[in-house]
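Asks: Dropping in final-v3.csv, which is CSV, C-alpha atoms and all ligand atoms:
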chain,number,residue,atom,x,y,z
A,81,MET,CA,-113.3,118.9,-103.6
A,82,LEU,CA,-110.9,116.7,-101.6
A,83,ALA,CA,-111.0,119.2,-98.8
A,84,VAL,CA,-114.8,119.1,-98.7
A,85,ILE,CA,-114.8,115.4,-98.6
A,86,GLY,CA,-112.3,115.4,-95.9
A,87,LEU,CA,-114.3,117.8,-93.8
A,88,VAL,CA,-117.4,115.8,-94.2
A,89,GLY,CA,-115.5,112.8,-93.1
A,90,LEU,CA,-114.2,114.4,-90.0
A,91,MET,CA,-117.6,115.7,-89.2
A,92,ALA,CA,-119.1,112.3,-89.7
A,93,ILE,CA,-116.6,110.7,-87.4
A,94,GLU,CA,-117.0,113.3,-84.7
A,95,ALA,CA,-120.7,113.1,-85.0
A,96,ARG,CA,-120.6,109.4,-84.6
A,97,ALA,CA,-119.5,109.7,-81.0
A,98,GLN,CA,-122.1,112.3,-80.4
A,99,THR,CA,-124.9,110.3,-81.9
A,100,ALA,CA,-123.9,107.2,-80.1
A,101,ALA,CA,-124.0,109.1,-76.9
A,102,THR,CA,-127.1,111.2,-77.4
A,103,LEU,CA,-129.3,109.2,-79.8
A,104,SER,CA,-128.8,105.6,-79.2
A,105,THR,CA,-129.1,105.4,-75.4
A,106,GLY,CA,-132.5,104.2,-74.3
A,107,THR,CA,-134.3,105.3,-77.4
A,108,ARG,CA,-136.3,102.1,-77.9
A,109,SER,CA,-139.3,104.2,-77.6
A,110,THR,CA,-142.8,103.1,-78.5
A,111,GLY,CA,-143.1,105.4,-81.5
A,112,THR,CA,-143.4,108.8,-79.9
A,113,ARG,CA,-143.5,110.4,-83.3
A,114,SER,CA,-147.0,109.1,-83.7
A,115,THR,CA,-149.6,111.7,-83.4
A,116,GLY,CA,-152.4,109.2,-83.0
A,117,THR,CA,-154.3,108.2,-79.9
A,118,PRO,CA,-152.3,106.7,-77.1
A,119,SER,CA,-153.8,103.2,-77.5
A,120,THR,CA,-152.4,102.9,-81.1
A,121,GLY,CA,-148.9,102.8,-79.7
A,122,THR,CA,-149.4,99.6,-77.9
A,123,PRO,CA,-147.7,96.4,-79.1
A,124,ASP,CA,-151.0,94.6,-79.4
A,125,VAL,CA,-152.2,96.8,-82.2
A,126,GLY,CA,-148.7,96.4,-83.8
A,127,ALA,CA,-148.7,92.7,-83.4
A,128,THR,CA,-152.1,92.4,-85.1
A,129,ILE,CA,-150.9,94.5,-88.1
A,130,ALA,CA,-147.7,92.5,-88.3
A,131,GLN,CA,-149.6,89.2,-88.5
A,132,LYS,CA,-152.8,90.2,-90.3
A,133,GLY,CA,-152.2,93.5,-92.1
A,134,ASN,CA,-154.8,96.2,-91.9
A,135,ALA,CA,-158.1,97.2,-93.5
A,136,PRO,CA,-156.6,99.7,-96.1
A,137,GLY,CA,-154.7,96.8,-97.5
A,138,ALA,CA,-151.2,96.7,-96.0
A,139,ALA,CA,-150.1,93.0,-96.4
A,140,PRO,CA,-149.1,91.2,-93.2
A,141,CYS,CA,-145.5,92.1,-92.4
A,142,THR,CA,-144.7,88.6,-91.2
A,143,THR,CA,-145.4,87.2,-94.7
A,144,CYS,CA,-142.1,88.6,-95.9
A,145,HIS,CA,-140.2,89.6,-92.8
A,146,GLY,CA,-140.7,86.3,-91.0
A,147,VAL,CA,-143.0,85.4,-88.1
A,148,ARG,CA,-140.4,86.8,-85.6
A,149,GLY,CA,-139.2,89.6,-87.8
A,150,GLU,CA,-136.1,87.6,-88.6
A,151,GLY,CA,-136.1,88.5,-92.3
A,152,ASN,CA,-136.0,86.4,-95.4
A,153,ALA,CA,-132.8,86.5,-97.6
A,154,ALA,CA,-134.5,84.7,-100.5
A,155,ILE,CA,-136.7,87.8,-101.2
A,156,GLY,CA,-134.4,90.5,-99.8
A,157,ALA,CA,-136.6,91.3,-96.8
A,158,PRO,CA,-134.4,92.5,-94.0
A,159,ARG,CA,-134.7,91.6,-90.4
A,160,LEU,CA,-137.0,93.9,-88.3
A,161,ALA,CA,-136.6,92.2,-84.9
A,162,GLY,CA,-134.9,94.5,-82.4
A,163,LEU,CA,-134.5,97.5,-84.7
A,164,GLY,CA,-135.2,100.8,-83.0
A,165,ALA,CA,-138.8,101.9,-83.2
A,166,SER,CA,-137.9,105.3,-84.3
A,167,TYR,CA,-135.7,103.9,-87.1
A,168,ILE,CA,-138.6,101.7,-88.3
A,169,VAL,CA,-141.0,104.6,-88.3
A,170,GLU,CA,-138.5,106.7,-90.2
A,171,GLN,CA,-138.1,104.0,-92.9
A,172,LEU,CA,-141.9,103.6,-93.3
A,173,ASP,CA,-142.3,107.4,-93.6
A,174,ALA,CA,-139.5,107.4,-96.2
A,175,PHE,CA,-141.0,104.5,-98.2
A,176,ALA,CA,-144.4,106.2,-98.1
A,177,ASP,CA,-143.2,109.5,-99.5
A,178,LYS,CA,-140.8,107.8,-101.9
A,179,GLN,CA,-137.7,109.3,-100.4
A,180,ARG,CA,-136.6,105.7,-100.0
A,181,GLU,CA,-137.5,104.1,-103.3
A,182,ASN,CA,-138.9,100.6,-103.1
A,183,ALA,CA,-141.8,99.3,-105.1
A,184,ILE,CA,-142.7,96.6,-102.6
A,185,MET,CA,-142.7,98.7,-99.5
A,186,LEU,CA,-144.3,101.8,-101.1
A,187,PRO,CA,-147.9,100.7,-101.2
A,188,ILE,CA,-147.6,98.9,-97.8
A,189,ALA,CA,-146.2,102.0,-96.0
A,190,GLN,CA,-148.8,104.2,-97.7
A,191,ALA,CA,-151.6,101.9,-96.5
A,192,LEU,CA,-150.4,102.4,-92.9
A,193,PRO,CA,-151.8,105.5,-91.1
A,194,VAL,CA,-149.1,107.3,-89.1
A,195,ALA,CA,-150.3,105.9,-85.8
A,196,GLU,CA,-150.2,102.3,-87.2
A,197,ARG,CA,-146.6,102.8,-88.3
A,198,ALA,CA,-145.7,103.7,-84.7
A,199,ALA,CA,-147.6,100.7,-83.4
A,200,VAL,CA,-146.1,98.1,-85.7
A,201,ALA,CA,-142.6,99.7,-85.2
A,202,ALA,CA,-143.1,99.3,-81.4
A,203,HIS,CA,-144.0,95.6,-82.0
A,204,PHE,CA,-140.9,94.7,-84.0
A,205,SER,CA,-138.6,96.7,-81.8
A,206,ARG,CA,-139.6,94.5,-78.9
A,207,LEU,CA,-138.9,91.2,-80.6
A,208,PRO,CA,-135.5,89.8,-79.6
A,209,PRO,CA,-132.6,90.5,-81.9
A,210,PRO,CA,-130.4,87.6,-83.0
A,211,GLU,CA,-127.7,86.2,-80.9
A,212,ALA,CA,-124.1,87.4,-81.3
A,213,GLY,CA,-122.6,86.4,-84.6
A,214,VAL,CA,-119.3,84.8,-85.7
A,215,PRO,CA,-116.9,86.7,-88.0
A,216,GLY,CA,-117.7,86.9,-91.6
A,217,THR,CA,-116.2,84.4,-94.0
A,218,ALA,CA,-116.9,86.0,-97.4
A,219,GLY,CA,-115.8,89.2,-99.1
A,220,GLY,CA,-112.1,88.4,-99.0
A,221,ASN,CA,-109.5,90.7,-97.5
A,222,LEU,CA,-111.2,93.8,-98.8
A,223,GLY,CA,-114.5,93.1,-97.2
A,224,ALA,CA,-113.0,92.3,-93.8
A,225,LYS,CA,-110.7,95.3,-94.0
A,226,LEU,CA,-113.5,97.7,-94.7
A,227,ALA,CA,-115.7,96.2,-92.0
A,228,LEU,CA,-113.1,96.1,-89.3
A,229,ARG,CA,-110.7,99.0,-90.0
A,230,GLY,CA,-112.1,101.1,-92.8
A,231,ARG,CA,-109.8,103.2,-95.0
A,232,TRP,CA,-108.6,106.1,-93.0
A,233,SER,CA,-106.6,107.5,-95.9
A,234,GLU,CA,-110.0,108.4,-97.3
A,235,LYS,CA,-111.5,109.3,-93.9
A,236,LEU,CA,-113.6,106.1,-94.0
A,237,PRO,CA,-114.1,104.5,-90.6
A,238,GLY,CA,-114.6,100.8,-90.3
A,239,CYS,CA,-118.3,99.8,-90.5
A,240,GLU,CA,-118.0,98.1,-87.2
A,241,GLN,CA,-117.0,101.3,-85.5
A,242,CYS,CA,-120.6,102.4,-85.9
A,243,HIS,CA,-122.5,99.1,-86.4
A,244,GLY,CA,-120.7,97.3,-83.5
A,245,PRO,CA,-118.7,94.1,-83.3
A,246,GLU,CA,-119.6,91.7,-86.0
A,247,GLY,CA,-122.2,94.3,-87.2
A,248,MET,CA,-124.6,93.4,-84.4
A,249,GLY,CA,-126.0,97.0,-84.3
A,250,VAL,CA,-125.7,99.6,-81.6
A,251,GLY,CA,-128.7,101.0,-79.9
A,252,ALA,CA,-131.6,102.3,-81.9
A,253,VAL,CA,-129.7,104.4,-84.4
A,254,PHE,CA,-127.1,102.1,-85.8
A,255,PRO,CA,-128.9,99.1,-87.3
A,256,PRO,CA,-127.4,95.6,-87.4
A,257,LEU,CA,-125.7,94.4,-90.6
A,258,ALA,CA,-125.0,90.9,-89.5
A,259,GLY,CA,-126.7,88.3,-91.7
A,260,LEU,CA,-128.6,90.8,-93.9
A,261,PRO,CA,-128.9,89.6,-97.5
A,262,ALA,CA,-125.8,90.7,-99.5
A,263,HIS,CA,-128.1,91.9,-102.3
A,264,TYR,CA,-130.0,94.1,-99.8
A,265,ILE,CA,-126.8,95.6,-98.3
A,266,GLU,CA,-125.5,96.4,-101.8
A,267,ALA,CA,-128.8,97.9,-102.8
A,268,GLN,CA,-128.8,100.2,-99.7
A,269,LEU,CA,-125.3,101.4,-100.3
A,270,ARG,CA,-126.0,102.1,-104.0
A,271,ALA,CA,-129.3,103.9,-103.0
A,272,TRP,CA,-127.4,106.3,-100.8
A,273,LYS,CA,-125.0,107.0,-103.7
A,274,ILE,CA,-127.9,108.1,-105.9
A,275,ALA,CA,-130.0,109.7,-103.2
A,276,ALA,CA,-132.7,107.0,-103.5
A,277,ARG,CA,-132.7,106.6,-99.7
A,278,PRO,CA,-132.7,109.5,-97.2
A,279,PRO,CA,-129.2,110.3,-96.0
A,280,GLY,CA,-130.1,109.3,-92.4
A,281,PRO,CA,-128.8,110.8,-89.2
A,282,LEU,CA,-126.2,113.5,-89.9
A,283,GLY,CA,-125.8,112.1,-93.4
A,284,LEU,CA,-123.4,109.5,-92.0
A,285,MET,CA,-124.3,106.7,-94.5
A,286,ALA,CA,-124.5,109.0,-97.5
A,287,ALA,CA,-120.9,110.1,-96.6
A,288,VAL,CA,-119.8,106.5,-96.1
A,289,ALA,CA,-121.4,105.1,-99.3
A,290,GLY,CA,-120.0,108.0,-101.3
A,291,ARG,CA,-116.5,106.7,-100.5
A,292,LEU,CA,-117.1,103.1,-101.6
A,293,SER,CA,-116.3,101.8,-105.0
A,294,ASN,CA,-118.4,99.1,-106.7
A,295,ASP,CA,-115.8,96.5,-105.7
A,296,ASP,CA,-115.9,97.8,-102.1
A,297,ILE,CA,-119.6,97.5,-102.0
A,298,THR,CA,-119.6,93.9,-103.3
A,299,ALA,CA,-116.9,92.8,-100.9
A,300,VAL,CA,-118.3,94.5,-97.7
A,301,ALA,CA,-121.8,93.3,-98.4
A,302,ALA,CA,-120.6,89.7,-98.8
A,303,TYR,CA,-118.7,90.0,-95.6
A,304,PHE,CA,-121.7,91.1,-93.5
A,305,ALA,CA,-124.1,88.7,-95.2
A,306,SER,CA,-121.8,85.8,-94.3
A,307,ILE,CA,-121.8,86.7,-90.6
A,308,GLY,CA,-123.6,83.8,-88.9
A,309,VAL,CA,-126.4,84.8,-86.6
A,310,ALA,CA,-127.9,82.2,-84.3
A,311,PRO,CA,-130.9,80.8,-86.0
A,312,GLN,CA,-134.2,81.8,-84.6
A,313,THR,CA,-136.6,79.1,-83.6
A,314,GLY,CA,-140.1,79.0,-84.8
A,315,GLY,CA,-139.6,80.6,-88.2
A,316,ILE,CA,-141.8,79.6,-91.0
A,317,LYS,CA,-140.3,77.5,-93.8
A,318,ALA,CA,-139.1,79.0,-97.1
A,319,GLY,CA,-141.9,77.4,-99.1
A,320,ALA,CA,-144.5,78.9,-96.8
A,321,ILE,CA,-142.9,82.3,-97.0
A,322,LYS,CA,-142.8,82.1,-100.8
A,323,SER,CA,-146.5,81.2,-101.1
A,324,GLY,CA,-147.2,83.9,-98.5
A,325,VAL,CA,-145.4,86.4,-100.7
A,326,VAL,CA,-147.7,85.6,-103.5
A,327,ARG,CA,-150.7,86.2,-101.2
A,328,GLY,CA,-149.1,89.4,-99.9
A,329,THR,CA,-148.5,91.0,-103.2
A,330,THR,CA,-151.5,89.8,-105.1
A,331,PRO,CA,-154.3,89.9,-102.7
B,401,LIG,C1,-144.4,91.5,-99.9
B,401,LIG,C2,-143.2,91.5,-99.0
B,401,LIG,C3,-143.2,92.5,-97.9
B,401,LIG,C4,-144.2,92.7,-96.9
B,401,LIG,C5,-145.6,92.1,-96.9
B,401,LIG,C6,-143.7,93.7,-96.0
B,401,LIG,N1,-142.4,94.0,-96.4
B,401,LIG,FE1,-141.2,95.4,-95.5
B,401,LIG,N2,-139.7,95.0,-96.8
B,401,LIG,C7,-139.8,94.1,-97.9
B,401,LIG,C8,-138.6,94.2,-98.7
B,401,LIG,C9,-138.3,93.4,-99.9
B,401,LIG,C10,-137.8,95.2,-98.1
B,401,LIG,C11,-136.4,95.7,-98.6
B,401,LIG,C12,-136.6,97.1,-99.3
B,401,LIG,C13,-135.4,97.7,-99.8
B,401,LIG,O1,-134.6,97.0,-100.5
B,401,LIG,O2,-135.2,98.9,-99.6
B,401,LIG,C14,-138.5,95.7,-96.9
B,401,LIG,C15,-138.0,96.6,-96.0
B,401,LIG,C16,-138.7,97.1,-94.9
B,401,LIG,C17,-138.1,98.0,-93.9
B,401,LIG,C18,-136.7,98.6,-93.9
B,401,LIG,C19,-135.9,97.9,-92.9
B,401,LIG,C20,-134.5,98.4,-92.7
B,401,LIG,O3,-133.7,97.7,-92.1
B,401,LIG,O4,-134.2,99.5,-93.2
B,401,LIG,C21,-139.1,98.1,-93.0
B,401,LIG,C22,-139.0,99.0,-91.7
B,401,LIG,C23,-140.2,97.3,-93.3
B,401,LIG,N3,-139.9,96.7,-94.5
B,401,LIG,C24,-141.3,97.2,-92.6
B,401,LIG,C25,-142.5,96.5,-92.9
B,401,LIG,C26,-143.7,96.4,-92.2
B,401,LIG,C27,-143.9,97.2,-90.9
B,401,LIG,C28,-144.6,95.6,-92.9
B,401,LIG,C29,-146.0,95.3,-92.5
B,401,LIG,C30,-146.9,96.4,-92.3
B,401,LIG,C31,-143.8,95.1,-94.0
B,401,LIG,N4,-142.6,95.7,-94.0
B,401,LIG,C32,-144.4,94.3,-95.0
B,401,LIG,C33,-140.8,93.3,-98.1
B,401,LIG,C34,-142.1,93.3,-97.5
B,402,LIG,C1,-120.1,107.0,-88.9
B,402,LIG,C2,-121.0,105.9,-88.5
B,402,LIG,C3,-121.3,104.8,-89.6
B,402,LIG,C4,-120.3,104.1,-90.3
B,402,LIG,C5,-118.8,104.2,-90.2
B,402,LIG,C6,-121.0,103.1,-91.1
B,402,LIG,N1,-122.4,103.3,-90.9
B,402,LIG,FE1,-123.8,102.2,-91.8
B,402,LIG,N2,-125.3,103.3,-90.8
B,402,LIG,C7,-125.0,104.3,-90.0
B,402,LIG,C8,-126.3,104.9,-89.6
B,402,LIG,C9,-126.5,106.0,-88.6
B,402,LIG,C10,-127.3,104.1,-90.2
B,402,LIG,C11,-128.8,104.3,-90.2
B,402,LIG,C12,-129.2,105.2,-91.4
B,402,LIG,C13,-130.7,105.6,-91.4
B,402,LIG,O1,-131.3,105.8,-90.3
B,402,LIG,O2,-131.2,105.8,-92.5
B,402,LIG,C14,-126.6,103.1,-91.0
B,402,LIG,C15,-127.3,102.2,-91.8
B,402,LIG,C16,-126.7,101.3,-92.6
B,402,LIG,C17,-127.3,100.3,-93.5
B,402,LIG,C18,-128.8,100.1,-93.6
B,402,LIG,C19,-129.2,98.9,-92.8
B,402,LIG,C20,-130.7,98.5,-93.0
B,402,LIG,O3,-131.2,97.8,-92.2
B,402,LIG,O4,-131.3,99.0,-93.9
B,402,LIG,C21,-126.4,99.6,-94.1
B,402,LIG,C22,-126.6,98.5,-95.1
B,402,LIG,C23,-125.1,100.1,-93.7
B,402,LIG,N3,-125.3,101.1,-92.8
B,402,LIG,C24,-123.9,99.6,-94.1
B,402,LIG,C25,-122.6,100.1,-93.7
B,402,LIG,C26,-121.4,99.7,-94.2
B,402,LIG,C27,-121.2,98.5,-95.2
B,402,LIG,C28,-120.4,100.4,-93.6
B,402,LIG,C29,-118.9,100.3,-93.8
B,402,LIG,C30,-118.4,100.4,-95.2
B,402,LIG,C31,-121.1,101.3,-92.7
B,402,LIG,N4,-122.4,101.2,-92.8
B,402,LIG,C32,-120.4,102.3,-91.9
B,402,LIG,C33,-123.8,104.7,-89.5
B,402,LIG,C34,-122.6,104.3,-90.0
Show this structure as C-alpha cells.
Replies:
Amino acid sequence: MLAVIGLVGLMAIEARAQTAATLSTGTRSTGTRSTGTPSTGTPDVGATIAQKGNAPGAAPCTTCHGVRGEGNAAIGAPRLAGLGASYIVEQLDAFADKQRENAIMLPIAQALPVAERAAVAAHFSRLPPPEAGVPGTAGGNLGAKLALRGRWSEKLPGCEQCHGPEGMGVGAVFPPLAGLPAHYIEAQLRAWKIAARPPGPLGLMAAVAGRLSNDDITAVAAYFASIGVAPQTGGIKAGAIKSGVVRGTTP
C-alpha cells in the first residue's frame, strides 16, 4: 500500500513538470472543445450569458461570481476571472454530468449547451486575474508549511510548487488558490477524497488530497483564503449580490 502511494506520488511530481511544460503554456484558448458554430466561441456571446443568463434558464453568472468574475466568499462562489478557458469548460461539463457534485451549479451547467459553455468560458478567461497577493496570515505553521514546502516524507509537494507563488495560479491548468473562500477550498479537497469531483489532470489533486488529514485541510485552506489579493474595482456590493442570488436561484 505504501509503495503504491509512493509511486503515485513520484508520478505526480514528475508529471507536474511535464504538465507545466506541455499543458499550461499558451493554452488560454477560446474553448476549442466546443463543437458548436464558430461564432458561439466569441467573447460577446459569452459576455451576454455571463450578464443575462440564457433562454433555457441558466442564471446570470455575474449574480454569484461577481460582475468581473471576482467571486463572492459569502456564498462560496469562486473567482472565475483569468481561469483557463479549458479548465472552466471542464468544470461545467463535470457539473452537468454530476461528476463534480454541486446542487447550485448542476442546473446552471445543464442549461448551457456545449457551445455556450465554451463561449462563457472564453469570456471569463479573458477578464483580468487579481494582482499579486501578500503571504497568508492564517492557518498557523501547518498551513504555511503545507503551502510552501509540503511534506516530502509522504511525497506531498508544497501546494505552491504547482499553484505558483502565493497561490496565484500557473497558466491555464493550475488554478489560483489565493483569496478563495476557505470553505470552498476545504470542500474541494474533501470532494477529491470521496471522488465527488473528477481527479483532474493526471489525477494530481486526487493524489494530493488523499494525503491530507482533516487538520491539514483546515489549516491549508485558511492559509490560502487569507492571502490578500488586490481588490477589484467596480464590484457590486454584498447586498446586491445577495438579493441577486435570490433572483438567480428562484427565478
Ligand atoms: C446561484 C449562484 C451561482 C450562479 C448564478 C452561477 N454560479 Fe458558478 N458557482 C457557484 C458556486 C456556489 C460554486 C462553487 C461550487 C462548488 O463548491 O463546487 C460555483 C462554481 C463554479 C465553477 C467552478 C470554478 C472552479 O474554480 O473550479 C465554474 C467554472 C462556474 N461556477 C461557472 C459558472 C458560470 C459560467 C455561470 C453562469 C452561466 C455560473 N457559474 C453561475 C454559484 C453560482
Ligand atoms: C502536483 C501539482 C499540484 C500540487 C502539488 C497541488 N495541486 Fe492543487 N491543483 C492541481 C491541478 C492540476 C488542479 C486543477 C484540477 C482540475 O482541473 O480539476 C488543482 C486544483 C486545485 C484546487 C481547485 C481550485 C478551484 O478553483 O476549484 C484546489 C482547491 C487545490 N488545487 C488545492 C491545493 C492545495 C491546498 C494543495 C497543497 C496541499 C495543492 N492544491 C497542491 C495541481 C496541484
Asks: So that I can check the surroundings of A:Gly247, please list as a VMD selection string every protein, DNA and RNA residue that reaches within 10 Å of it, counting only C-alpha atoms and ignoring chain neighbours fewer than 5 positions away.
Replies: chain A and resid 212 to 213 215 to 216 227 to 228 239 to 242 254 to 260 304 to 305 307
Asks: For ligand LIG 401 (chain B), list the contacting residues at 8 Å or closer, counting all atoms listed in the file, as a VMD selection string.
Replies: chain A and resid 129 to 130 133 to 134 138 to 145 155 to 160 163 167 to 172 180 to 182 184 to 185 188 to 189 192 197 200 to 201 204 255 264 267 to 268 325 to 326 328 to 329
Asks: Which of these, A:Leu269, A:Val147, A:Ala276, A:Ala183, has the shortest distance to ligand LIG 402 (chain B) once you count only C-alpha atoms and all ligand atoms?
Replies: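 Counting only C-alpha atoms and all ligand atoms, the residue closest to ligand LIG 402 (chain B) is A:Leu269.
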Asks: Using only C-alpha atoms and all ligand atoms, can you tell me which of A:Val309, A:Ala165, A:Ala135, A:Leu207 comes closest to ligand LIG 402 (chain B)?
Replies: A:Ala165
Asks: Using only C-alpha atoms and all ligand atoms for the distances, tell me which of A:Val214, A:Ala299, A:Val250, A:Ile265 is nearest to ligand LIG 402 (chain B).
Replies: A:Ile265
Asks: From the set A:Pro136, A:Ser306, A:Ala153, A:Leu236, which residue has the shortest atom-to-atom contact distance to A:Gly219, counting only C-alpha atoms?
Replies: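 Nearest candidate to A:Gly219 out of A:Pro136, A:Ser306, A:Ala153, A:Leu236: A:Ser306.
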Asks: Hey, which of A:Ser233, A:Gln190, A:Ser166, A:Asn221 ends up closest to ligand LIG 402 (chain B)? Count all atoms listed in the file.
Replies: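 The shortest atom-to-atom distance to ligand LIG 402 (chain B) comes from A:Ser166.
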Asks: Could you tell me how far atom CA of A:Gly238 sits from atom C5 of ligand LIG 402 (chain B), in Å to one decimal place?
Replies: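 That distance, rounded to one decimal, is 5.4 Å.
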Asks: So the first atom is atom CA of A:His203 and the second is atom CA of A:Gly164; what is the distance between them in Å, to one decimal place?
Replies: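 That distance, rounded to one decimal, is 10.3 Å.
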Asks: Hey, can you check how far atom C16 of ligand LIG 402 (chain B) sits from atom CA of A:Gln131?
Replies: 26.2 Å
